[in-house]
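**Student:** Next up, final14.txt (compact mmCIF, C-alpha atoms).
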```
# COMPACT_ATOMS: atom_id res chain seq x y z
CA MET C 42 0.00 0.00 0.00
CA MET C 43 1.29 3.43 -0.86
CA GLN C 44 2.53 6.00 1.64
CA ALA C 45 -0.18 8.64 1.49
CA THR C 46 -1.03 9.27 5.12
CA ASN C 47 -0.74 13.04 5.05
CA LEU C 48 -2.24 13.65 1.63
CA ILE C 49 -5.44 15.63 1.54
CA GLN C 50 -5.90 15.31 -2.22
CA PRO C 51 -4.43 12.08 -3.58
CA SER C 52 -3.02 12.32 -7.10
CA PHE C 53 -4.93 10.80 -10.00
CA TRP C 54 -2.72 7.70 -9.97
CA GLN C 55 -2.94 7.27 -6.23
CA ALA C 56 -6.74 7.50 -6.40
CA THR C 57 -6.78 5.01 -9.28
CA ALA C 58 -4.54 2.61 -7.37
CA MET C 59 -6.77 2.77 -4.27
CA ILE C 60 -9.96 2.16 -6.22
CA ALA C 61 -8.30 -0.59 -8.29
CA THR C 62 -7.20 -2.34 -5.09
CA ILE C 63 -10.77 -2.32 -3.75
CA VAL C 64 -12.22 -3.49 -7.06
CA LEU C 65 -9.71 -6.31 -7.62
CA THR C 66 -9.76 -7.67 -4.05
CA SER C 67 -13.56 -7.57 -3.75
CA SER C 68 -13.95 -9.17 -7.17
CA THR C 69 -11.51 -11.92 -6.18
CA GLY C 70 -13.43 -12.45 -2.95
CA GLU C 71 -16.83 -12.59 -4.65
CA VAL C 72 -15.70 -14.95 -7.41
CA LEU C 73 -14.04 -17.31 -4.88
CA THR C 74 -17.24 -17.27 -2.79
CA ALA C 75 -19.36 -17.92 -5.87
CA ALA C 76 -17.05 -20.80 -6.88
CA ALA C 77 -17.41 -22.23 -3.36
CA MET C 78 -21.21 -22.11 -3.52
CA LYS C 79 -21.33 -23.48 -7.05
CA SER C 80 -19.14 -26.44 -6.10
CA MET C 81 -21.41 -27.20 -3.13
CA GLY C 82 -24.62 -27.66 -5.09
CA ASP C 83 -28.08 -26.41 -4.12
CA LEU C 84 -27.85 -25.16 -0.53
CA ASP C 85 -31.62 -25.57 -0.05
CA VAL C 86 -31.24 -29.29 -0.77
CA ILE C 87 -28.31 -29.56 1.67
CA ARG C 88 -30.39 -27.82 4.34
CA ALA C 89 -33.33 -30.13 3.74
CA ARG C 90 -31.01 -33.14 4.05
CA SER C 91 -28.78 -32.20 6.97
CA GLY C 92 -30.47 -29.22 8.64
CA MET C 93 -29.37 -25.63 9.16
CA LYS C 94 -26.27 -26.71 11.12
CA GLY C 95 -25.24 -29.04 8.32
CA ALA C 96 -25.68 -26.30 5.72
CA ILE C 97 -23.63 -23.82 7.78
CA ARG C 98 -20.94 -26.45 8.33
CA ALA C 99 -20.82 -27.20 4.60
CA VAL C 100 -20.28 -23.51 3.83
CA VAL C 101 -17.73 -22.51 6.48
CA THR C 102 -15.55 -25.61 6.02
CA SER C 103 -15.11 -24.93 2.29
CA PRO C 104 -11.53 -23.72 1.59
CA LEU C 105 -12.74 -21.64 -1.38
CA PHE C 106 -15.27 -19.90 0.88
CA VAL C 107 -12.62 -19.13 3.53
CA ALA C 108 -10.33 -17.74 0.80
CA GLY C 109 -13.25 -15.63 -0.51
CA ILE C 110 -13.93 -14.18 2.94
CA PHE C 111 -10.20 -13.43 3.33
CA PHE C 112 -10.20 -11.34 0.12
CA MET C 113 -13.48 -9.66 1.08
CA ALA C 114 -11.85 -8.64 4.36
CA ILE C 115 -8.87 -7.15 2.48
CA ALA C 116 -11.35 -5.34 0.21
CA PHE C 117 -13.14 -3.94 3.27
CA PHE C 118 -9.93 -2.60 4.80
CA SER C 119 -8.79 -1.11 1.48
CA LEU C 120 -12.19 0.61 1.31
CA LEU C 121 -11.61 2.04 4.80
CA PHE C 122 -8.12 3.16 3.72
CA ALA C 123 -9.49 4.84 0.59
CA LEU C 124 -12.29 6.55 2.55
CA ASN C 125 -9.60 8.05 4.74
CA HIS C 126 -8.26 9.91 1.66
CA MET C 127 -11.22 10.37 -0.69
CA ASN C 128 -14.91 11.17 -0.55
CA LEU C 129 -17.49 8.42 -0.18
CA SER C 130 -19.42 9.92 -3.11
CA LEU C 131 -16.49 9.07 -5.41
CA VAL C 132 -15.17 5.81 -3.89
CA GLY C 133 -18.56 4.18 -3.23
CA PRO C 134 -20.13 4.38 -6.70
CA ALA C 135 -16.82 3.90 -8.54
CA ALA C 136 -15.92 0.74 -6.63
CA ALA C 137 -19.47 -0.69 -6.76
CA SER C 138 -19.95 -0.18 -10.47
CA LEU C 139 -16.45 -1.25 -11.58
CA THR C 140 -16.74 -4.42 -9.47
CA LEU C 141 -19.78 -5.38 -11.55
CA VAL C 142 -17.68 -5.34 -14.72
CA THR C 143 -14.66 -7.17 -13.24
CA ASN C 144 -17.03 -9.76 -11.71
CA THR C 145 -18.62 -10.36 -15.11
CA ILE C 146 -15.21 -10.85 -16.77
CA ALA C 147 -14.04 -13.13 -13.94
CA ALA C 148 -17.31 -15.12 -14.00
CA LYS C 149 -16.79 -15.78 -17.70
CA PHE C 150 -13.18 -16.97 -17.41
CA PHE C 151 -12.97 -18.53 -13.94
CA LEU C 152 -16.53 -19.71 -13.23
CA LYS C 153 -17.13 -20.67 -16.89
CA GLU C 154 -20.50 -18.91 -16.87
CA ARG C 155 -21.89 -18.38 -20.33
CA VAL C 156 -21.81 -14.58 -20.49
CA ASP C 157 -23.74 -13.92 -23.69
CA ARG C 158 -24.53 -10.54 -25.24
CA ARG C 159 -27.63 -10.25 -23.04
CA ARG C 160 -25.63 -10.54 -19.82
CA TRP C 161 -22.90 -8.20 -21.06
CA THR C 162 -25.51 -5.56 -21.88
CA ALA C 163 -27.07 -6.04 -18.46
CA ALA C 164 -23.70 -5.73 -16.68
CA VAL C 165 -22.84 -2.49 -18.49
CA LEU C 166 -26.33 -0.97 -18.00
CA VAL C 167 -26.41 -1.86 -14.29
CA CYS C 168 -22.82 -0.57 -13.91
CA ILE C 169 -23.72 2.86 -15.34
CA GLY C 170 -27.04 2.81 -13.45
CA VAL C 171 -25.40 2.13 -10.07
CA TYR C 172 -22.93 4.93 -10.71
CA LEU C 173 -25.63 7.45 -11.64
CA LEU C 174 -27.88 6.44 -8.75
CA ALA C 175 -25.20 6.54 -6.07
CA HIS C 176 -23.37 9.59 -7.36
CA MET V 31 -29.28 -27.73 -13.26
CA ALA V 32 -32.58 -25.89 -13.01
CA HIS V 33 -32.87 -23.03 -15.46
CA ARG V 34 -36.31 -22.00 -14.25
CA LEU V 35 -36.47 -20.83 -10.66
CA SER V 36 -39.14 -21.84 -8.16
CA LEU V 37 -41.26 -19.28 -6.31
CA GLN V 38 -39.17 -19.86 -3.19
CA GLN V 39 -35.99 -19.08 -5.15
CA TYR V 40 -37.47 -15.84 -6.49
CA LEU V 41 -38.39 -14.90 -2.90
CA ILE V 42 -34.77 -15.51 -1.83
CA LEU V 43 -33.56 -13.25 -4.68
CA ALA V 44 -36.09 -10.59 -3.63
CA PHE V 45 -34.77 -10.78 -0.07
CA VAL V 46 -31.17 -10.46 -1.38
CA SER V 47 -32.10 -7.22 -3.13
CA ILE V 48 -34.09 -5.52 -0.35
CA SER V 49 -32.20 -6.67 2.76
CA VAL V 50 -29.05 -4.58 2.16
CA PRO V 51 -30.83 -1.22 1.75
CA LEU V 52 -33.18 -2.03 4.65
CA GLY V 53 -30.27 -3.16 6.84
CA ASP V 54 -28.15 -0.12 5.98
CA THR V 55 -31.10 2.17 6.71
CA ALA V 56 -31.66 0.50 10.09
CA LEU V 57 -27.94 0.85 10.95
CA SER V 58 -27.88 4.48 9.85
CA HIS V 59 -31.07 5.29 11.81
CA GLY V 60 -29.69 3.52 14.87
CA MET V 61 -26.28 5.20 14.77
CA THR V 62 -27.54 8.74 14.17
CA SER V 63 -30.00 8.51 17.07
CA LEU V 64 -27.15 7.61 19.44
CA PRO V 65 -25.04 10.33 21.08
CA ALA V 66 -21.67 10.90 19.35
CA ILE V 67 -19.19 8.10 20.02
CA SER V 68 -15.56 9.10 20.47
CA LEU V 69 -12.57 6.88 19.76
CA ALA V 70 -11.55 7.36 23.38
CA HIS V 71 -14.45 5.09 24.42
CA PRO V 72 -14.54 2.25 21.86
CA LEU V 73 -16.60 0.06 24.20
CA THR V 74 -19.66 2.26 23.54
CA LEU V 75 -19.59 0.80 19.99
CA ILE V 76 -20.07 -2.68 21.46
CA ALA V 77 -22.99 -1.39 23.50
CA ALA V 78 -24.49 0.10 20.32
CA VAL V 79 -24.80 -3.42 18.90
CA PHE V 80 -27.50 -4.19 21.46
CA THR V 81 -29.74 -1.22 20.69
CA PRO V 82 -32.89 -2.29 18.77
CA TRP V 83 -32.22 -0.55 15.42
CA ILE V 84 -28.57 -1.64 15.20
CA ALA V 85 -29.50 -5.21 16.15
CA LEU V 86 -32.21 -5.21 13.47
CA GLY V 87 -29.74 -3.89 10.89
CA ILE V 88 -27.19 -6.58 11.79
CA LEU V 89 -29.87 -9.31 11.60
CA LEU V 90 -30.94 -8.08 8.15
CA LEU V 91 -27.34 -8.07 6.90
CA ILE V 92 -26.72 -11.59 8.26
CA GLY V 93 -29.93 -12.66 6.52
CA TYR V 94 -28.67 -10.98 3.36
CA PHE V 95 -25.40 -12.91 3.40
CA ALA V 96 -27.16 -16.24 4.03
CA SER V 97 -29.65 -15.69 1.20
CA TYR V 98 -26.91 -14.35 -1.13
CA LEU V 99 -24.86 -17.52 -0.58
CA THR V 100 -27.96 -19.69 -1.09
CA ALA V 101 -28.73 -17.89 -4.35
CA LEU V 102 -25.14 -18.42 -5.56
CA SER V 103 -25.53 -22.16 -4.95
CA TRP V 104 -28.20 -22.43 -7.70
CA ALA V 105 -27.71 -19.31 -9.84
CA ASP V 106 -24.83 -17.68 -11.69
CA LEU V 107 -22.87 -14.78 -10.17
CA THR V 108 -23.73 -12.77 -13.30
CA TYR V 109 -27.43 -13.47 -12.55
CA VAL V 110 -27.40 -12.64 -8.81
CA MET V 111 -25.34 -9.43 -9.18
CA PRO V 112 -27.99 -7.41 -11.06
CA ALA V 113 -30.61 -8.68 -8.60
CA THR V 114 -28.53 -7.18 -5.79
CA ALA V 115 -28.31 -3.87 -7.67
CA LEU V 116 -32.11 -3.78 -7.96
CA GLY V 117 -32.20 -3.00 -4.22
CA ASN V 118 -30.90 0.51 -5.02
CA VAL V 119 -33.92 1.02 -7.26
CA PHE V 120 -36.33 -0.03 -4.49
CA VAL V 121 -34.69 2.47 -2.14
CA ALA V 122 -34.99 5.30 -4.66
CA LEU V 123 -38.67 4.47 -5.29
CA LEU V 124 -39.42 4.22 -1.56
CA ALA V 125 -37.61 7.50 -0.91
CA HIS V 126 -39.64 9.20 -3.62
CA PHE V 127 -43.15 7.83 -3.07
CA TRP V 128 -43.08 7.26 0.68
CA LEU V 129 -40.68 9.88 2.06
CA HIS V 130 -41.44 12.36 -0.78
CA GLU V 131 -37.74 13.01 -1.39
CA THR V 132 -36.90 14.62 -4.71
CA ILE V 133 -34.84 12.50 -7.06
CA SER V 134 -32.65 14.23 -9.64
CA PRO V 135 -33.05 13.36 -13.35
CA MET V 136 -29.60 11.71 -13.27
CA ARG V 137 -30.78 9.35 -10.51
CA TRP V 138 -34.00 8.55 -12.41
CA MET V 139 -31.73 7.69 -15.31
CA GLY V 140 -29.81 5.31 -12.99
CA VAL V 141 -33.12 3.73 -11.86
CA ALA V 142 -34.12 3.19 -15.49
CA LEU V 143 -30.76 1.69 -16.54
CA ILE V 144 -30.64 -0.77 -13.62
CA THR V 145 -34.25 -1.84 -14.24
CA VAL V 146 -33.62 -2.44 -17.94
CA GLY V 147 -30.36 -4.29 -17.14
CA VAL V 148 -32.10 -6.58 -14.65
CA GLY V 149 -34.84 -7.22 -17.22
CA PHE V 150 -32.19 -8.38 -19.70
CA VAL V 151 -30.71 -10.91 -17.26
CA ALA V 152 -34.01 -12.09 -15.76
CA HIS V 153 -35.21 -13.05 -19.22
CA GLY V 154 -32.43 -15.64 -19.63
CA PRO V 155 -31.54 -18.80 -17.70
CA ALA V 156 -30.55 -18.42 -14.02
CA SER V 157 -27.66 -20.84 -14.31
CA THR V 158 -25.48 -21.68 -17.30
CA THR V 159 -22.99 -23.94 -15.50
CA PRO V 160 -23.28 -27.34 -13.86
CA PRO V 161 -22.07 -27.51 -10.22
CA LEU V 162 -18.27 -27.80 -10.31
CA ASN V 163 -18.10 -31.02 -8.27
CA LEU V 164 -21.11 -32.73 -9.78
CA PRO V 165 -20.73 -36.42 -8.90
CA THR V 166 -19.44 -37.84 -12.16
CA PRO V 167 -20.48 -41.35 -13.14
CA SER V 168 -17.64 -43.84 -12.74
CA SER V 169 -17.92 -44.68 -16.42
CA GLY V 170 -15.25 -42.15 -17.36
CA ALA V 171 -14.22 -38.63 -18.12
CA GLU V 172 -16.44 -38.22 -21.17
CA ASP V 173 -19.42 -37.52 -18.89
CA SER V 174 -17.75 -34.70 -16.95
CA PRO V 175 -19.90 -31.61 -16.26
CA LEU V 176 -17.58 -29.51 -18.40
CA ASP V 177 -18.30 -31.71 -21.42
CA ASP V 178 -22.04 -31.39 -20.77
CA ALA V 179 -21.63 -27.62 -20.70
CA LEU V 180 -19.70 -27.67 -23.95
CA GLU V 181 -22.34 -29.88 -25.55
CA GLY V 182 -24.95 -27.40 -24.34
CA ASP V 183 -22.96 -24.63 -26.02
CA ALA V 184 -22.91 -26.53 -29.29
CA ASP V 185 -26.69 -27.10 -29.11
CA VAL V 186 -27.34 -23.42 -28.62
CA GLU V 187 -25.14 -22.53 -31.57
CA LYS V 188 -26.99 -25.02 -33.78
CA GLU V 189 -30.30 -23.46 -32.74
CA GLN V 190 -29.01 -20.02 -33.59
CA VAL V 191 -27.88 -21.20 -37.03
CA ARG V 192 -31.37 -22.52 -37.73
```
When written as structure tokens, how does the structure in this file appear?

**Tutor:**
Amino acid sequence: MMQATNLIQPSFWQATAMIATIVLTSSTGEVLTAAAMKSMGDLDVIRARSGMKGAIRAVVTSPLFVAGIFFMAIAFFSLLFALNHMNLSLVGPAAASLTLVTNTIAAKFFLKERVDRRRWTAAVLVCIGVYLLAH
Amino acid sequence: MAHRLSLQQYLILAFVSISVPLGDTALSHGMTSLPAISLAHPLTLIAAVFTPWIALGILLLIGYFASYLTALSWADLTYVMPATALGNVFVALLAHFWLHETISPMRWMGVALITVGVGFVAHGPASTTPPLNLPTPSSGAEDSPLDDALEGDADVEKEQVR
């Protein structure tokens, strides 16, 4: 992480680096979590078979899930770090909307989801929409 | 893998989209109604957890995470993500029609784009992948889930050609 403790206005590149860190770590976390859940199969079926405790045990003992939570935690702390230097009205919408796009790319290549033109259009529309709404 | 969702699964997706804004609102309401907390007394933050609004907010966010994970177990990440974003639209509509807040044209534009985007995704299948560790028949590798997915791809392409 860069040394920017006394900066009031981070430079363009510093701001970009902070937002990129949030986006990449939260995307990694979400894709790992999604991979964990996908590999588990329908959680409703697991709960019906082995109860709530069984379902919770199945989730928290999954290595992919633990790795996902680890990256989500890093993303959370990089968000806190960025909020210490920039306004929420910039960091919040920028991180939320860019994560949508990186998640879509990662879902295509790592989760092998079939991201057709329909889903690409949706991802881009929702990305712009989230930015406009939160801005 | 089910491509059509059951009513219960749609209800879980609905809860995913409304629980975050509701939970955040409860947290915000709870924290602003408390006296200012200084860093010199961090223990007052722990006490805040047990006030009704904060507790409600935390319960909603725990419920969100549980239903989000459940949704990811039977639907694609690229399907659940837009559903989550729809929550922002509900908040804007509630703020406008219930709290009579004014919403700028830019924000209405955001509401429209998210709604259209969700419509695009909701029209297609919820899941396009088999579960990664689908129990494969002992007969051999030719029945692996990946092959099934690839065969599915080929079928779709044939249909498009026709």

**Student:** Counting all atoms listed in the file, give me one row per residue of stretch 73-126 of chain V with an atom at most 10 Å from an atom of stretch 133-146 of chain V, showing the shortest contact pair and its distance in Å to one decimal, sorted by chain then residue number, as a Markdown table.

**Tutor:**
```
| residue | atom | partner | partner_atom | distance |
| --- | --- | --- | --- | --- |
| V:Pro112 | CA | V:Ile144 | CA | 7.6 |
| V:Ala113 | CA | V:Ile144 | CA | 9.4 |
| V:Ala115 | CA | V:Ile144 | CA | 7.1 |
| V:Leu116 | CA | V:Ile144 | CA | 6.6 |
| V:Gly117 | CA | V:Ile144 | CA | 9.8 |
| V:Asn118 | CA | V:Val141 | CA | 7.9 |
| V:Val119 | CA | V:Val141 | CA | 5.4 |
| V:Phe120 | CA | V:Val141 | CA | 8.9 |
| V:Val121 | CA | V:Val141 | CA | 9.9 |
| V:Ala122 | CA | V:Ile133 | CA | 7.6 |
| V:Leu123 | CA | V:Val141 | CA | 8.6 |
| V:Ala125 | CA | V:Ile133 | CA | 8.4 |
| V:His126 | CA | V:Ile133 | CA | 6.8 |
```

**Student:** Give me the chain C side of the contact with chain V, cut-off 6 Å, one line per residue showing its nearest atom pair and distance in Å at one decimal, counting only C-alpha atoms, sorted by chain and residue number, as a Markdown table.

**Tutor:**
```
| residue | atom | partner | partner_atom | distance |
| --- | --- | --- | --- | --- |
| C:Ala75 | CA | V:Leu102 | CA | 5.8 |
| C:Met78 | CA | V:Ser103 | CA | 4.6 |
| C:Lys79 | CA | V:Ser103 | CA | 4.9 |
| C:Ser80 | CA | V:Leu162 | CA | 4.5 |
| C:Gly82 | CA | V:Ser103 | CA | 5.6 |
| C:Asp83 | CA | V:Ser103 | CA | 5.0 |
| C:Leu84 | CA | V:Thr100 | CA | 5.5 |
| C:Thr145 | CA | V:Thr108 | CA | 5.9 |
| C:Glu154 | CA | V:Thr158 | CA | 5.7 |
| C:Arg155 | CA | V:Thr158 | CA | 5.7 |
| C:Arg159 | CA | V:Phe150 | CA | 6.0 |
| C:Arg160 | CA | V:Val151 | CA | 5.7 |
| C:Ala163 | CA | V:Gly147 | CA | 4.0 |
| C:Leu166 | CA | V:Gly147 | CA | 5.3 |
| C:Val167 | CA | V:Ile144 | CA | 4.4 |
| C:Gly170 | CA | V:Gly140 | CA | 3.8 |
| C:Leu173 | CA | V:Gly140 | CA | 4.9 |
| C:Leu174 | CA | V:Arg137 | CA | 4.5 |
```

**Student:** Which one of C:Val142, C:Ala147, C:Ile63, C:Ala58 sits closest to C:Thr162 if you count all atoms listed in the file?

**Tutor:** C:Val142

**Student:** Hey, what's within 12 Å of C:Ile146 if we count only C-alpha atoms and toss same-chain stuff fewer than 2 positions away? As a list in words, please?

**Tutor:**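 Contacts, in chain order: Leu65, Ser68, Thr69, Val72, Leu139, Thr140, Leu141, Val142, Thr143, Asn144, Ala148, Lys149, Phe150, Phe151, Leu152, Lys153, Glu154, Arg155, Val156, Asp157, Arg160, Trp161, Ala164 and Val165 of chain C; Leu107 and Thr108 of chain V.
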
**Student:** Keeping only C-alpha atoms, take the residues you just selected and write them out as a tab-separated table (two decimals), in the coordinates of the input.

**Tutor:**
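Produced file part_15.tsv, reproduced below:
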```tsv
chain	number	residue	atom	x	y	z
C	65	LEU	CA	-9.71	-6.31	-7.62
C	68	SER	CA	-13.95	-9.17	-7.17
C	69	THR	CA	-11.51	-11.92	-6.18
C	72	VAL	CA	-15.70	-14.95	-7.41
C	139	LEU	CA	-16.45	-1.25	-11.58
C	140	THR	CA	-16.74	-4.42	-9.47
C	141	LEU	CA	-19.78	-5.38	-11.55
C	142	VAL	CA	-17.68	-5.34	-14.72
C	143	THR	CA	-14.66	-7.17	-13.24
C	144	ASN	CA	-17.03	-9.76	-11.71
C	148	ALA	CA	-17.31	-15.12	-14.00
C	149	LYS	CA	-16.79	-15.78	-17.70
C	150	PHE	CA	-13.18	-16.97	-17.41
C	151	PHE	CA	-12.97	-18.53	-13.94
C	152	LEU	CA	-16.53	-19.71	-13.23
C	153	LYS	CA	-17.13	-20.67	-16.89
C	154	GLU	CA	-20.50	-18.91	-16.87
C	155	ARG	CA	-21.89	-18.38	-20.33
C	156	VAL	CA	-21.81	-14.58	-20.49
C	157	ASP	CA	-23.74	-13.92	-23.69
C	160	ARG	CA	-25.63	-10.54	-19.82
C	161	TRP	CA	-22.90	-8.20	-21.06
C	164	ALA	CA	-23.70	-5.73	-16.68
C	165	VAL	CA	-22.84	-2.49	-18.49
V	107	LEU	CA	-22.87	-14.78	-10.17
V	108	THR	CA	-23.73	-12.77	-13.30
```

**Student:** Nearest to V:Ser58 among V:Ile42, V:Leu129, V:Val110, V:Ile88, with distances taken over all atoms listed in the file: which residue is it?

**Tutor:**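 Under the stated criterion, the closest residue is V:Ile88.
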
**Student:** Considering all atoms listed in the file, can you say which of V:Met61, V:Leu35, V:Asp54, V:Leu124 comes closest to V:Thr74?

**Tutor:**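 Closest to V:Thr74 of all the choices is V:Met61.
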
**Student:** Give me, as an mmCIF file with C-alpha atoms, in the coordinates of the input, all polymer residues having an atom no more than 6 Å from stretch 116-128 of chain C, counting all atoms listed in the file and skipping those fewer than 5 positions away in the same chain.

**Tutor:**
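The resulting file, selection26.cif, is shown below:
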```
data_model
loop_
_atom_site.group_PDB
_atom_site.id
_atom_site.type_symbol
_atom_site.label_atom_id
_atom_site.label_comp_id
_atom_site.auth_asym_id
_atom_site.auth_seq_id
_atom_site.Cartn_x
_atom_site.Cartn_y
_atom_site.Cartn_z
ATOM 1 C CA MET C 59 -6.770 2.770 -4.270
ATOM 2 C CA ILE C 63 -10.770 -2.320 -3.750
ATOM 3 C CA THR C 66 -9.760 -7.670 -4.050
ATOM 4 C CA SER C 67 -13.560 -7.570 -3.750
#
```

**Student:** Using all atoms listed in the file, collect all residues at a distance of at most 9 Å from (-28.7, -0.4, 7.0) as written in the file, then present them as a list of chain:residue names.

**Tutor:** V:Ser49, V:Val50, V:Pro51, V:Leu52, V:Gly53, V:Asp54, V:Thr55, V:Ala56, V:Leu57, V:Ser58, V:His59, V:Gly60, V:Ile84, V:Leu86, V:Gly87, V:Ile88, V:Leu90, V:Leu91

**Student:** Suppose you want the space between atom CA of C:Pro51 and atom CA of C:Gly70; what is it in Å?

**Tutor:**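 It comes out at 26.1 Å.
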
**Student:** Would you compute the distance between atom CA of V:Ile48 and atom CA of V:Thr114? Give it in Å to one decimal.

**Tutor:**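 Separation between atom CA of V:Ile48 and atom CA of V:Thr114: 8.0 Å.
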
**Student:** Between atom CA of C:Leu105 and atom CA of C:Ala137, measure the distance and give it in Å to one decimal.

**Tutor:** 22.7 Å
